[in-house]
$ cat input_33.cif   # mmCIF, C-alpha atoms
data_entry
#
loop_
_atom_site.group_PDB
_atom_site.id
_atom_site.type_symbol
_atom_site.label_atom_id
_atom_site.label_comp_id
_atom_site.auth_asym_id
_atom_site.auth_seq_id
_atom_site.Cartn_x
_atom_site.Cartn_y
_atom_site.Cartn_z
ATOM 1 C CA MET A 526 99.250 137.751 37.418
ATOM 2 C CA GLU A 527 102.102 137.018 39.864
ATOM 3 C CA THR A 528 105.592 137.749 38.703
ATOM 4 C CA PRO A 529 108.630 135.471 39.259
ATOM 5 C CA VAL A 530 110.177 138.203 41.450
ATOM 6 C CA ALA A 531 107.184 138.202 43.779
ATOM 7 C CA ASP A 532 107.308 134.398 44.012
ATOM 8 C CA ASP A 533 110.991 134.533 44.961
ATOM 9 C CA GLN A 534 110.306 137.116 47.666
ATOM 10 C CA LEU A 535 107.467 135.018 49.091
ATOM 11 C CA GLN A 536 109.658 131.938 49.202
ATOM 12 C CA ALA A 537 112.382 133.891 50.978
ATOM 13 C CA LEU A 538 109.909 135.186 53.567
ATOM 14 C CA MET A 539 108.572 131.682 54.130
ATOM 15 C CA SER A 540 112.092 130.337 54.633
ATOM 16 C CA ARG A 541 112.916 133.058 57.134
ATOM 17 C CA ALA A 542 109.655 132.454 59.008
ATOM 18 C CA MET A 543 110.351 128.717 59.232
ATOM 19 C CA GLY A 544 113.838 129.458 60.554
ATOM 20 C CA VAL A 545 112.423 131.758 63.265
ATOM 21 C CA LEU A 546 109.829 129.105 64.265
ATOM 22 C CA ALA A 547 112.528 126.463 64.500
ATOM 23 C CA GLN A 548 114.546 128.673 66.853
ATOM 24 C CA LEU A 549 111.471 129.349 69.011
ATOM 25 C CA GLU A 550 110.669 125.630 69.263
ATOM 26 C CA ALA A 551 114.203 124.971 70.521
ATOM 27 C CA TRP A 552 113.584 127.349 73.422
ATOM 28 C CA LEU A 553 110.072 126.229 74.276
ATOM 29 C CA PRO A 554 109.621 123.319 76.730
ATOM 30 C CA PRO A 555 108.299 120.114 75.189
ATOM 31 C CA ALA A 556 104.581 119.432 75.334
ATOM 32 C CA PRO A 557 103.576 117.467 78.457
ATOM 33 C CA PRO A 558 103.111 113.732 77.873
ATOM 34 C CA ALA A 559 99.664 112.162 77.725
ATOM 35 C CA ILE A 560 98.388 111.060 81.139
ATOM 36 C CA ASP A 561 98.421 107.310 81.755
ATOM 37 C CA TRP A 562 95.088 106.884 83.523
ATOM 38 C CA THR A 563 95.804 103.184 84.211
ATOM 39 C CA ALA A 564 98.448 104.058 86.847
ATOM 40 C CA HIS A 565 97.684 103.935 90.572
ATOM 41 C CA ALA A 566 99.928 106.809 91.649
ATOM 42 C CA TYR A 567 101.138 110.051 90.099
ATOM 43 C CA ARG A 568 103.515 112.903 90.774
ATOM 44 C CA TRP A 569 102.582 116.424 89.763
ATOM 45 C CA GLN A 570 105.450 117.676 87.609
ATOM 46 C CA ARG A 571 106.044 121.218 86.450
ATOM 47 C CA ARG A 572 108.239 122.709 83.753
ATOM 48 C CA GLY A 573 107.890 126.407 83.157
ATOM 49 C CA ALA A 574 104.214 127.278 82.948
ATOM 50 C CA ARG A 575 103.174 123.700 82.159
ATOM 51 C CA GLY A 576 102.216 120.998 84.623
ATOM 52 C CA TRP A 577 101.192 117.387 84.176
ATOM 53 C CA LEU A 578 100.514 114.139 86.042
ATOM 54 C CA GLU A 579 103.462 111.767 85.709
ATOM 55 C CA ALA A 580 102.626 108.117 86.398
ATOM 56 C CA VAL A 581 104.670 106.392 89.132
ATOM 57 C CA ARG A 582 105.762 103.040 87.720
ATOM 58 C CA ARG A 583 107.296 101.491 90.849
ATOM 59 C CA ILE A 584 105.431 102.193 94.082
ATOM 60 C CA ALA A 585 107.338 101.585 97.326
ATOM 61 C CA PRO A 586 105.611 98.564 98.928
ATOM 62 C CA ILE A 587 104.066 99.024 102.376
ATOM 63 C CA HIS A 588 101.017 97.323 103.903
ATOM 64 C CA LEU A 589 98.658 98.414 106.662
ATOM 65 C CA ASP A 590 99.779 95.466 108.814
ATOM 66 C CA ASP A 591 103.360 96.764 108.644
ATOM 67 C CA LEU A 592 102.394 99.862 110.624
ATOM 68 C CA GLN A 593 102.495 99.009 114.313
ATOM 69 C CA HIS A 594 101.308 100.946 117.407
ATOM 70 C CA VAL A 595 99.392 103.581 115.449
ATOM 71 C CA ASP A 596 96.138 101.634 115.614
ATOM 72 C CA ARG A 597 93.846 104.540 116.461
ATOM 73 C CA GLN A 598 95.259 106.786 113.736
ATOM 74 C CA LYS A 599 95.139 103.907 111.254
ATOM 75 C CA ALA A 600 91.503 103.131 112.090
ATOM 76 C CA VAL A 601 90.373 106.761 111.727
ATOM 77 C CA LEU A 602 92.214 107.303 108.455
ATOM 78 C CA GLU A 603 90.973 104.047 106.946
ATOM 79 C CA ARG A 604 87.392 104.787 108.031
ATOM 80 C CA ASN A 605 87.553 108.191 106.362
ATOM 81 C CA THR A 606 89.076 106.729 103.196
ATOM 82 C CA ARG A 607 86.486 103.945 102.987
ATOM 83 C CA ALA A 608 83.701 106.517 103.291
ATOM 84 C CA PHE A 609 85.340 108.493 100.471
ATOM 85 C CA LEU A 610 85.489 105.395 98.253
ATOM 86 C CA ASP A 611 81.843 104.611 99.033
ATOM 87 C CA GLY A 612 80.772 108.087 97.907
ATOM 88 C CA LYS A 613 79.876 109.109 101.455
ATOM 89 C CA PRO A 614 80.921 112.384 103.143
ATOM 90 C CA ALA A 615 84.641 112.400 103.995
ATOM 91 C CA ASN A 616 87.147 114.902 105.338
ATOM 92 C CA ASN A 617 90.501 116.279 104.274
ATOM 93 C CA VAL A 618 93.134 115.092 106.743
ATOM 94 C CA LEU A 619 96.127 116.726 108.435
ATOM 95 C CA MET A 620 98.574 114.372 110.186
ATOM 96 C CA THR A 621 101.041 115.996 112.558
ATOM 97 C CA GLY A 622 103.584 114.903 115.097
ATOM 98 C CA ALA A 623 106.858 113.105 115.614
ATOM 99 C CA ARG A 624 108.993 112.291 112.604
ATOM 100 C CA GLY A 625 109.237 108.710 111.401
ATOM 101 C CA THR A 626 106.064 107.505 113.122
ATOM 102 C CA GLY A 627 104.219 106.372 109.988
ATOM 103 C CA LYS A 628 102.306 109.413 108.738
ATOM 104 C CA SER A 629 103.259 109.211 105.061
ATOM 105 C CA SER A 630 103.544 105.410 105.198
ATOM 106 C CA LEU A 631 99.877 105.205 106.214
ATOM 107 C CA VAL A 632 98.842 107.037 103.068
ATOM 108 C CA ARG A 633 100.907 104.712 100.859
ATOM 109 C CA ALA A 634 99.511 101.686 102.701
ATOM 110 C CA LEU A 635 95.951 102.886 102.045
ATOM 111 C CA LEU A 636 96.742 102.996 98.333
ATOM 112 C CA ASP A 637 98.091 99.439 98.534
ATOM 113 C CA ALA A 638 94.911 98.299 100.305
ATOM 114 C CA HIS A 639 92.316 100.090 98.176
ATOM 115 C CA ALA A 640 93.762 100.636 94.697
ATOM 116 C CA ASP A 641 91.535 97.843 93.375
ATOM 117 C CA ARG A 642 88.489 99.890 94.488
ATOM 118 C CA GLY A 643 89.585 102.878 92.434
ATOM 119 C CA LEU A 644 91.722 104.776 94.945
ATOM 120 C CA ARG A 645 94.484 106.816 93.315
ATOM 121 C CA LEU A 646 97.270 108.940 94.805
ATOM 122 C CA ILE A 647 98.714 112.215 93.503
ATOM 123 C CA GLU A 648 101.888 113.440 95.210
ATOM 124 C CA ILE A 649 102.468 117.178 95.045
ATOM 125 C CA ASP A 650 105.252 119.333 96.415
ATOM 126 C CA LYS A 651 104.215 122.280 98.546
ATOM 127 C CA SER A 652 105.875 124.651 96.044
ATOM 128 C CA ASP A 653 103.381 123.465 93.409
ATOM 129 C CA LEU A 654 100.221 123.842 95.487
ATOM 130 C CA GLY A 655 99.298 126.838 93.370
ATOM 131 C CA ASP A 656 98.509 124.290 90.635
ATOM 132 C CA LEU A 657 95.751 122.574 92.648
ATOM 133 C CA GLY A 658 93.133 124.175 90.415
ATOM 134 C CA GLN A 659 94.710 122.518 87.348
ATOM 135 C CA ILE A 660 94.739 119.132 89.055
ATOM 136 C CA ILE A 661 91.089 119.480 90.051
ATOM 137 C CA GLU A 662 90.157 120.250 86.436
ATOM 138 C CA LEU A 663 92.177 117.304 85.088
ATOM 139 C CA ILE A 664 90.486 114.709 87.299
ATOM 140 C CA HIS A 665 87.052 116.306 87.598
ATOM 141 C CA ASP A 666 85.321 113.863 85.235
ATOM 142 C CA ARG A 667 87.359 110.766 86.107
ATOM 143 C CA PRO A 668 85.554 107.816 87.779
ATOM 144 C CA GLU A 669 88.448 107.080 90.169
ATOM 145 C CA ARG A 670 88.797 108.593 93.665
ATOM 146 C CA TYR A 671 91.911 110.712 94.167
ATOM 147 C CA ILE A 672 93.907 111.626 97.258
ATOM 148 C CA VAL A 673 96.181 114.604 96.668
ATOM 149 C CA PHE A 674 99.038 114.033 99.102
ATOM 150 C CA CYS A 675 101.521 116.645 100.303
ATOM 151 C CA ASP A 676 104.240 115.325 102.607
ATOM 152 C CA ASP A 677 106.054 117.457 105.193
ATOM 153 C CA LEU A 678 103.807 120.444 104.642
ATOM 154 C CA SER A 679 104.737 123.765 106.212
ATOM 155 C CA PHE A 680 104.898 127.330 105.012
ATOM 156 C CA GLU A 681 107.100 130.314 105.577
ATOM 157 C CA GLU A 682 105.765 133.841 105.456
ATOM 158 C CA GLY A 683 104.591 134.873 101.992
ATOM 159 C CA GLU A 684 104.735 131.478 100.241
ATOM 160 C CA ALA A 685 102.332 131.335 97.299
ATOM 161 C CA GLY A 686 100.891 127.849 97.860
ATOM 162 C CA TYR A 687 99.373 128.844 101.215
ATOM 163 C CA LYS A 688 96.367 130.707 99.823
ATOM 164 C CA ALA A 689 95.814 128.164 97.032
ATOM 165 C CA LEU A 690 95.597 125.376 99.608
ATOM 166 C CA LYS A 691 93.188 127.370 101.764
ATOM 167 C CA SER A 692 90.862 127.877 98.794
ATOM 168 C CA ALA A 693 91.007 124.217 97.741
ATOM 169 C CA LEU A 694 90.247 123.009 101.264
ATOM 170 C CA ASP A 695 87.324 125.302 101.943
ATOM 171 C CA GLY A 696 86.617 128.807 100.770
ATOM 172 C CA SER A 697 86.671 128.838 96.987
ATOM 173 C CA VAL A 698 83.449 129.453 95.063
ATOM 174 C CA ALA A 699 84.485 126.553 92.795
ATOM 175 C CA SER A 700 83.843 123.049 94.142
ATOM 176 C CA PRO A 701 86.827 120.637 94.134
ATOM 177 C CA GLY A 702 84.410 117.832 93.233
ATOM 178 C CA ASP A 703 83.490 114.721 95.189
ATOM 179 C CA ASN A 704 86.338 112.565 93.813
ATOM 180 C CA LEU A 705 89.215 114.402 95.521
ATOM 181 C CA LEU A 706 90.514 114.681 99.083
ATOM 182 C CA ILE A 707 93.672 116.323 100.404
ATOM 183 C CA TYR A 708 95.854 114.431 102.883
ATOM 184 C CA ALA A 709 98.896 116.222 104.300
ATOM 185 C CA THR A 710 101.594 115.531 106.882
ATOM 186 C CA SER A 711 103.476 118.110 108.892
ATOM 187 C CA ASN A 712 105.648 118.505 111.950
ATOM 188 C CA ARG A 713 103.749 121.736 112.699
ATOM 189 C CA ARG A 714 100.138 121.637 113.780
ATOM 190 C CA HIS A 715 99.470 125.162 112.490
ATOM 191 C CA LEU A 716 101.665 124.737 109.358
ATOM 192 C CA MET A 717 103.351 128.125 109.706
ATOM 193 C CA PRO A 718 105.964 129.461 112.135
ATOM 194 C CA GLU A 719 104.602 131.341 115.127
ATOM 195 C CA TYR A 720 106.477 134.209 116.740
ATOM 196 C CA MET A 721 106.346 135.701 120.223
ATOM 197 C CA HIS A 722 105.533 139.203 118.958
ATOM 198 C CA GLU A 723 102.284 137.885 117.426
ATOM 199 C CA ASN A 724 100.911 137.304 120.926
ATOM 200 C CA LEU A 725 101.144 141.050 121.508
ATOM 201 C CA GLU A 726 98.394 141.523 118.918
ATOM 202 C CA ALA A 727 95.859 139.815 121.204
ATOM 203 C CA LYS A 728 93.056 142.096 122.404
ATOM 204 C CA HIS A 729 91.612 141.983 125.912
ATOM 205 C CA GLN A 730 87.970 142.980 126.041
ATOM 206 C CA PRO A 731 86.372 144.738 129.054
ATOM 207 C CA ASP A 732 84.419 141.574 129.862
ATOM 208 C CA GLY A 733 87.644 139.577 130.090
ATOM 209 C CA GLU A 734 87.321 137.841 126.705
ATOM 210 C CA ILE A 735 90.557 137.475 124.749
ATOM 211 C CA HIS A 736 90.647 137.874 120.964
ATOM 212 C CA PRO A 737 93.757 136.568 119.178
ATOM 213 C CA GLY A 738 95.506 138.927 116.791
ATOM 214 C CA GLU A 739 94.751 138.772 113.078
ATOM 215 C CA THR A 740 98.129 137.183 112.265
ATOM 216 C CA VAL A 741 97.505 134.320 114.665
ATOM 217 C CA GLU A 742 93.946 133.866 113.359
ATOM 218 C CA GLU A 743 95.261 133.658 109.793
ATOM 219 C CA LYS A 744 97.757 130.937 110.675
ATOM 220 C CA ILE A 745 95.253 128.873 112.652
ATOM 221 C CA SER A 746 92.609 129.144 109.923
ATOM 222 C CA LEU A 747 94.531 126.961 107.455
ATOM 223 C CA SER A 748 94.818 124.010 109.847
ATOM 224 C CA GLU A 749 91.150 124.337 110.790
ATOM 225 C CA ARG A 750 90.103 123.779 107.175
ATOM 226 C CA PHE A 751 91.247 120.170 107.465
ATOM 227 C CA GLY A 752 88.270 118.223 108.778
ATOM 228 C CA LEU A 753 90.382 115.586 110.558
ATOM 229 C CA TRP A 754 93.517 116.113 112.632
ATOM 230 C CA LEU A 755 95.564 113.053 113.573
ATOM 231 C CA SER A 756 98.470 113.353 116.004
ATOM 232 C CA PHE A 757 101.444 110.953 116.094
ATOM 233 C CA TYR A 758 103.763 110.557 119.089
ATOM 234 C CA PRO A 759 107.210 109.055 119.752
ATOM 235 C CA PHE A 760 107.103 105.343 120.583
ATOM 236 C CA ALA A 761 107.724 103.873 124.000
ATOM 237 C CA GLN A 762 110.703 101.539 124.250
ATOM 238 C CA ASP A 763 108.624 98.329 124.205
ATOM 239 C CA ASP A 764 106.638 99.573 121.201
ATOM 240 C CA TYR A 765 109.852 100.383 119.372
ATOM 241 C CA LEU A 766 111.200 96.887 120.051
ATOM 242 C CA ASP A 767 107.942 95.357 118.802
ATOM 243 C CA ILE A 768 108.374 97.230 115.534
ATOM 244 C CA VAL A 769 112.002 96.093 115.285
ATOM 245 C CA GLY A 770 110.803 92.505 115.733
ATOM 246 C CA HIS A 771 108.177 92.928 113.006
ATOM 247 C CA TRP A 772 110.723 94.092 110.452
ATOM 248 C CA LEU A 773 113.311 91.484 111.461
ATOM 249 C CA ARG A 774 110.688 88.779 110.849
ATOM 250 C CA ALA A 775 110.010 90.353 107.458
ATOM 251 C CA HIS A 776 113.732 89.955 106.699
ATOM 252 C CA GLY A 777 113.706 86.270 107.641
ATOM 253 C CA CYS A 778 114.962 86.371 111.247
ATOM 254 C CA ASN A 779 113.758 83.801 113.790
ATOM 255 C CA GLU A 780 112.662 84.553 117.373
ATOM 256 C CA ASP A 781 116.092 83.750 118.879
ATOM 257 C CA GLN A 782 117.727 86.209 116.499
ATOM 258 C CA ILE A 783 115.127 88.856 117.334
ATOM 259 C CA GLN A 784 115.863 88.474 121.053
ATOM 260 C CA ALA A 785 119.595 88.699 120.361
ATOM 261 C CA ALA A 786 119.096 91.956 118.468
ATOM 262 C CA ARG A 787 117.345 93.850 121.306
ATOM 263 C CA THR A 788 120.445 95.382 122.903
ATOM 264 C CA GLU A 789 121.811 96.588 119.593
ATOM 265 C CA ALA A 790 118.387 97.936 118.669
ATOM 266 C CA LEU A 791 118.341 100.104 121.790
ATOM 267 C CA GLN A 792 121.908 101.289 121.205
ATOM 268 C CA TRP A 793 120.884 102.229 117.668
ATOM 269 C CA THR A 794 118.190 104.573 119.008
ATOM 270 C CA LEU A 795 120.690 106.305 121.297
ATOM 271 C CA GLU A 796 122.931 107.019 118.318
ATOM 272 C CA ARG A 797 120.013 108.287 116.246
ATOM 273 C CA GLY A 798 118.337 110.234 119.047
ATOM 274 C CA SER A 799 114.891 108.892 118.138
ATOM 275 C CA ARG A 800 112.605 105.913 118.736
ATOM 276 C CA SER A 801 110.414 105.724 115.654
ATOM 277 C CA GLY A 802 109.117 103.236 113.132
ATOM 278 C CA ARG A 803 111.545 104.582 110.550
ATOM 279 C CA VAL A 804 114.526 104.075 112.853
ATOM 280 C CA ALA A 805 113.292 100.559 113.721
ATOM 281 C CA ARG A 806 113.084 99.611 110.056
ATOM 282 C CA GLN A 807 116.527 101.039 109.325
ATOM 283 C CA PHE A 808 118.026 99.048 112.195
ATOM 284 C CA ALA A 809 116.292 95.860 111.044
ATOM 285 C CA ARG A 810 117.764 96.234 107.562
ATOM 286 C CA ASP A 811 121.248 96.735 108.962
ATOM 287 C CA TRP A 812 121.041 93.889 111.484
ATOM 288 C CA ALA A 813 119.514 91.398 109.042
ATOM 289 C CA ALA A 814 122.162 92.190 106.430
ATOM 290 C CA ARG A 815 124.877 91.293 108.967
ATOM 291 C CA HIS A 816 123.312 88.210 110.576
ATOM 292 C CA VAL A 817 120.942 86.491 108.124
#
$ encode --input "input_33.cif" --output "structure tokens"
Amino acid sequence: METPVADDQLQALMSRAMGVLAQLEAWLPPAPPAIDWTAHAYRWQRRGARGWLEAVRRIAPIHLDDLQHVDRQKAVLERNTRAFLDGKPANNVLMTGARGTGKSSLVRALLDAHADRGLRLIEIDKSDLGDLGQIIELIHDRPERYIVFCDDLSFEEGEAGYKALKSALDGSVASPGDNLLIYATSNRRHLMPEYMHENLEAKHQPDGEIHPGETVEEKISLSERFGLWLSFYPFAQDDYLDIVGHWLRAHGCNEDQIQAARTEALQWTLERGSRSGRVARQFARDWAARHV
């Protein structure tokens, strides 16, 4: 038979235990929210050891027709994405080249064009690429088709996400499934810095064949795991002015106003040191705000 003293001791222990649990809960991060599978785009968020897909409520509007003078790149990327949506073989894609020429905008425009067919977009920062395995598990049984998108991808020596990306692209014993592709943009074709001393590792065989050093092979191997490479180049002056005209029309300017803006548009590029679609759109916003 329990005594009143024992009951009092048990109650005291329970109270102390509840107090300790309350303190622990204050230090622990909150549980990740439930995933809203009705959204069209997500960002991979991380807090401590926990990661989750956060729905993007307001997607920046961009349409395929808004992207001018990248017709070949647009056609190849859309063909690959359509094959992916149709359940046909499709490749992971690496887009490299000049800044502001429409690499990331093309991916957003594809979502705008094909979201009604089940295309979904997951943005991930390169520092979180080690979580790719978690993302693959989360969407493995979903009926939608997902593009995991990493913008401005490049690695420095020793960064953790490098090996995780290599495995997800090609090399892991676990399959990423047929409802996921990886699209990435970068200013570097080989995604990692290359140094002069690495060329000294090259071996010259007696028959004249040259074998690159292991460091160079390692850096090239990541880029080669992307099935498609698309290169983007700075725009010629006339192409740049065409893009300026497109965005000025979008802001309500007439043809006379577009002609009047040409000189200022060219001066704008000299100040910015670049002729790109991004610079053209920024100029069009500024000019339309002052003249329309």
$ atom_distance --input "input_33.cif" --atom1 "CA of Ala814 (chain A)" --atom2 "CA of Ile587 (chain A)"
19.8 Å
$ resolve_selection --input "input_33.cif" --expression "the PyMOL selection byres ((chain A and resi 638-653) around 9)" --output "number ranges by chain"
A: 564-571, 578, 588-589, 606-607, 610, 632-637, 654-657, 668-680, 684-687
$ write_last_selection --input "input_33.cif" --atoms "C-alpha atoms" --output "PDB file, keeping the file's coordinate frame"
ATOM      1  CA  ALA A 564      98.448 104.058  86.847  1.00  0.00           C
ATOM      2  CA  HIS A 565      97.684 103.935  90.572  1.00  0.00           C
ATOM      3  CA  ALA A 566      99.928 106.809  91.649  1.00  0.00           C
ATOM      4  CA  TYR A 567     101.138 110.051  90.099  1.00  0.00           C
ATOM      5  CA  ARG A 568     103.515 112.903  90.774  1.00  0.00           C
ATOM      6  CA  TRP A 569     102.582 116.424  89.763  1.00  0.00           C
ATOM      7  CA  GLN A 570     105.450 117.676  87.609  1.00  0.00           C
ATOM      8  CA  ARG A 571     106.044 121.218  86.450  1.00  0.00           C
ATOM      9  CA  LEU A 578     100.514 114.139  86.042  1.00  0.00           C
ATOM     10  CA  HIS A 588     101.017  97.323 103.903  1.00  0.00           C
ATOM     11  CA  LEU A 589      98.658  98.414 106.662  1.00  0.00           C
ATOM     12  CA  THR A 606      89.076 106.729 103.196  1.00  0.00           C
ATOM     13  CA  ARG A 607      86.486 103.945 102.987  1.00  0.00           C
ATOM     14  CA  LEU A 610      85.489 105.395  98.253  1.00  0.00           C
ATOM     15  CA  VAL A 632      98.842 107.037 103.068  1.00  0.00           C
ATOM     16  CA  ARG A 633     100.907 104.712 100.859  1.00  0.00           C
ATOM     17  CA  ALA A 634      99.511 101.686 102.701  1.00  0.00           C
ATOM     18  CA  LEU A 635      95.951 102.886 102.045  1.00  0.00           C
ATOM     19  CA  LEU A 636      96.742 102.996  98.333  1.00  0.00           C
ATOM     20  CA  ASP A 637      98.091  99.439  98.534  1.00  0.00           C
ATOM     21  CA  LEU A 654     100.221 123.842  95.487  1.00  0.00           C
ATOM     22  CA  GLY A 655      99.298 126.838  93.370  1.00  0.00           C
ATOM     23  CA  ASP A 656      98.509 124.290  90.635  1.00  0.00           C
ATOM     24  CA  LEU A 657      95.751 122.574  92.648  1.00  0.00           C
ATOM     25  CA  PRO A 668      85.554 107.816  87.779  1.00  0.00           C
ATOM     26  CA  GLU A 669      88.448 107.080  90.169  1.00  0.00           C
ATOM     27  CA  ARG A 670      88.797 108.593  93.665  1.00  0.00           C
ATOM     28  CA  TYR A 671      91.911 110.712  94.167  1.00  0.00           C
ATOM     29  CA  ILE A 672      93.907 111.626  97.258  1.00  0.00           C
ATOM     30  CA  VAL A 673      96.181 114.604  96.668  1.00  0.00           C
ATOM     31  CA  PHE A 674      99.038 114.033  99.102  1.00  0.00           C
ATOM     32  CA  CYS A 675     101.521 116.645 100.303  1.00  0.00           C
ATOM     33  CA  ASP A 676     104.240 115.325 102.607  1.00  0.00           C
ATOM     34  CA  ASP A 677     106.054 117.457 105.193  1.00  0.00           C
ATOM     35  CA  LEU A 678     103.807 120.444 104.642  1.00  0.00           C
ATOM     36  CA  SER A 679     104.737 123.765 106.212  1.00  0.00           C
ATOM     37  CA  PHE A 680     104.898 127.330 105.012  1.00  0.00           C
ATOM     38  CA  GLU A 684     104.735 131.478 100.241  1.00  0.00           C
ATOM     39  CA  ALA A 685     102.332 131.335  97.299  1.00  0.00           C
ATOM     40  CA  GLY A 686     100.891 127.849  97.860  1.00  0.00           C
ATOM     41  CA  TYR A 687      99.373 128.844 101.215  1.00  0.00           C
TER      42      TYR A 687
END
$ atom_distance --input "input_33.cif" --atom1 "CA of Leu631 (chain A)" --atom2 "CA of Gly770 (chain A)"
19.3 Å
$ residues_around --input "input_33.cif" --residues "Ile661 (chain A)" --least-positions-apart "5" --cutoff "10 Å" --atoms "only C-alpha atoms" --output "short mmCIF file (atom, residue, chain, number, x, y, z; two decimals) with C-alpha atoms, in the coordinates of the input"
data_model
loop_
_atom_site.label_atom_id
_atom_site.label_comp_id
_atom_site.auth_asym_id
_atom_site.auth_seq_id
_atom_site.Cartn_x
_atom_site.Cartn_y
_atom_site.Cartn_z
CA ASP A 656 98.51 124.29 90.64
CA ASP A 666 85.32 113.86 85.24
CA TYR A 671 91.91 110.71 94.17
CA VAL A 673 96.18 114.60 96.67
CA ALA A 693 91.01 124.22 97.74
CA SER A 700 83.84 123.05 94.14
CA PRO A 701 86.83 120.64 94.13
CA GLY A 702 84.41 117.83 93.23
CA ASN A 704 86.34 112.56 93.81
CA LEU A 705 89.22 114.40 95.52
#
$ closest_residue --input "input_33.cif" --among "A:Gly544, A:Pro759, A:Gly622, A:Gly612" --to "Thr794 (chain A)" --atoms "all atoms listed in the file"
A:Pro759
$ atom_distance --input "input_33.cif" --atom1 "CA of Arg750 (chain A)" --atom2 "CA of Ser711 (chain A)"
14.6 Å
$ resolve_selection --input "input_33.cif" --expression "the PyMOL selection byres ((chain A and resi 806) around 12)" --output "PyMOL selection string"
chain A and resi 587+591-593+625-627+765-776+790+793-794+800-805+807-813
$ write_last_selection --input "input_33.cif" --atoms "C-alpha atoms" --output "tab-separated table (two decimals), keeping the file's coordinate frame"
chain	number	residue	atom	x	y	z
A	587	ILE	CA	104.07	99.02	102.38
A	591	ASP	CA	103.36	96.76	108.64
A	592	LEU	CA	102.39	99.86	110.62
A	593	GLN	CA	102.50	99.01	114.31
A	625	GLY	CA	109.24	108.71	111.40
A	626	THR	CA	106.06	107.50	113.12
A	627	GLY	CA	104.22	106.37	109.99
A	765	TYR	CA	109.85	100.38	119.37
A	766	LEU	CA	111.20	96.89	120.05
A	767	ASP	CA	107.94	95.36	118.80
A	768	ILE	CA	108.37	97.23	115.53
A	769	VAL	CA	112.00	96.09	115.28
A	770	GLY	CA	110.80	92.50	115.73
A	771	HIS	CA	108.18	92.93	113.01
A	772	TRP	CA	110.72	94.09	110.45
A	773	LEU	CA	113.31	91.48	111.46
A	774	ARG	CA	110.69	88.78	110.85
A	775	ALA	CA	110.01	90.35	107.46
A	776	HIS	CA	113.73	89.96	106.70
A	790	ALA	CA	118.39	97.94	118.67
A	793	TRP	CA	120.88	102.23	117.67
A	794	THR	CA	118.19	104.57	119.01
A	800	ARG	CA	112.60	105.91	118.74
A	801	SER	CA	110.41	105.72	115.65
A	802	GLY	CA	109.12	103.24	113.13
A	803	ARG	CA	111.54	104.58	110.55
A	804	VAL	CA	114.53	104.08	112.85
A	805	ALA	CA	113.29	100.56	113.72
A	807	GLN	CA	116.53	101.04	109.32
A	808	PHE	CA	118.03	99.05	112.20
A	809	ALA	CA	116.29	95.86	111.04
A	810	ARG	CA	117.76	96.23	107.56
A	811	ASP	CA	121.25	96.74	108.96
A	812	TRP	CA	121.04	93.89	111.48
A	813	ALA	CA	119.51	91.40	109.04
$ closest_residue --input "input_33.cif" --among "A:Trp577, A:Phe609, A:Trp562, A:Phe757" --to "Lys628 (chain A)" --atoms "all atoms listed in the file"
A:Phe757
$ resolve_selection --input "input_33.cif" --expression "the PyMOL selection byres ((chain A and resi 598) around 10)" --output "CSV table (one decimal) with C-alpha atoms, keeping the file's coordinate frame"
chain,number,residue,atom,x,y,z
A,594,HIS,CA,101.3,100.9,117.4
A,595,VAL,CA,99.4,103.6,115.4
A,596,ASP,CA,96.1,101.6,115.6
A,597,ARG,CA,93.8,104.5,116.5
A,599,LYS,CA,95.1,103.9,111.3
A,600,ALA,CA,91.5,103.1,112.1
A,601,VAL,CA,90.4,106.8,111.7
A,602,LEU,CA,92.2,107.3,108.5
A,603,GLU,CA,91.0,104.0,106.9
A,604,ARG,CA,87.4,104.8,108.0
A,620,MET,CA,98.6,114.4,110.2
A,627,GLY,CA,104.2,106.4,110.0
A,628,LYS,CA,102.3,109.4,108.7
A,631,LEU,CA,99.9,105.2,106.2
A,754,TRP,CA,93.5,116.1,112.6
A,755,LEU,CA,95.6,113.1,113.6
A,756,SER,CA,98.5,113.4,116.0
A,757,PHE,CA,101.4,111.0,116.1
$ axis_aligned_box --input "input_33.cif" --around "region 806-813 of chain A" --padding-each-side "6 Å" --output "AutoDock Vina command-line options"
--center_x 117.2 --center_y 96.2 --center_z 109.9 --size_x 20.2 --size_y 21.6 --size_z 16.6
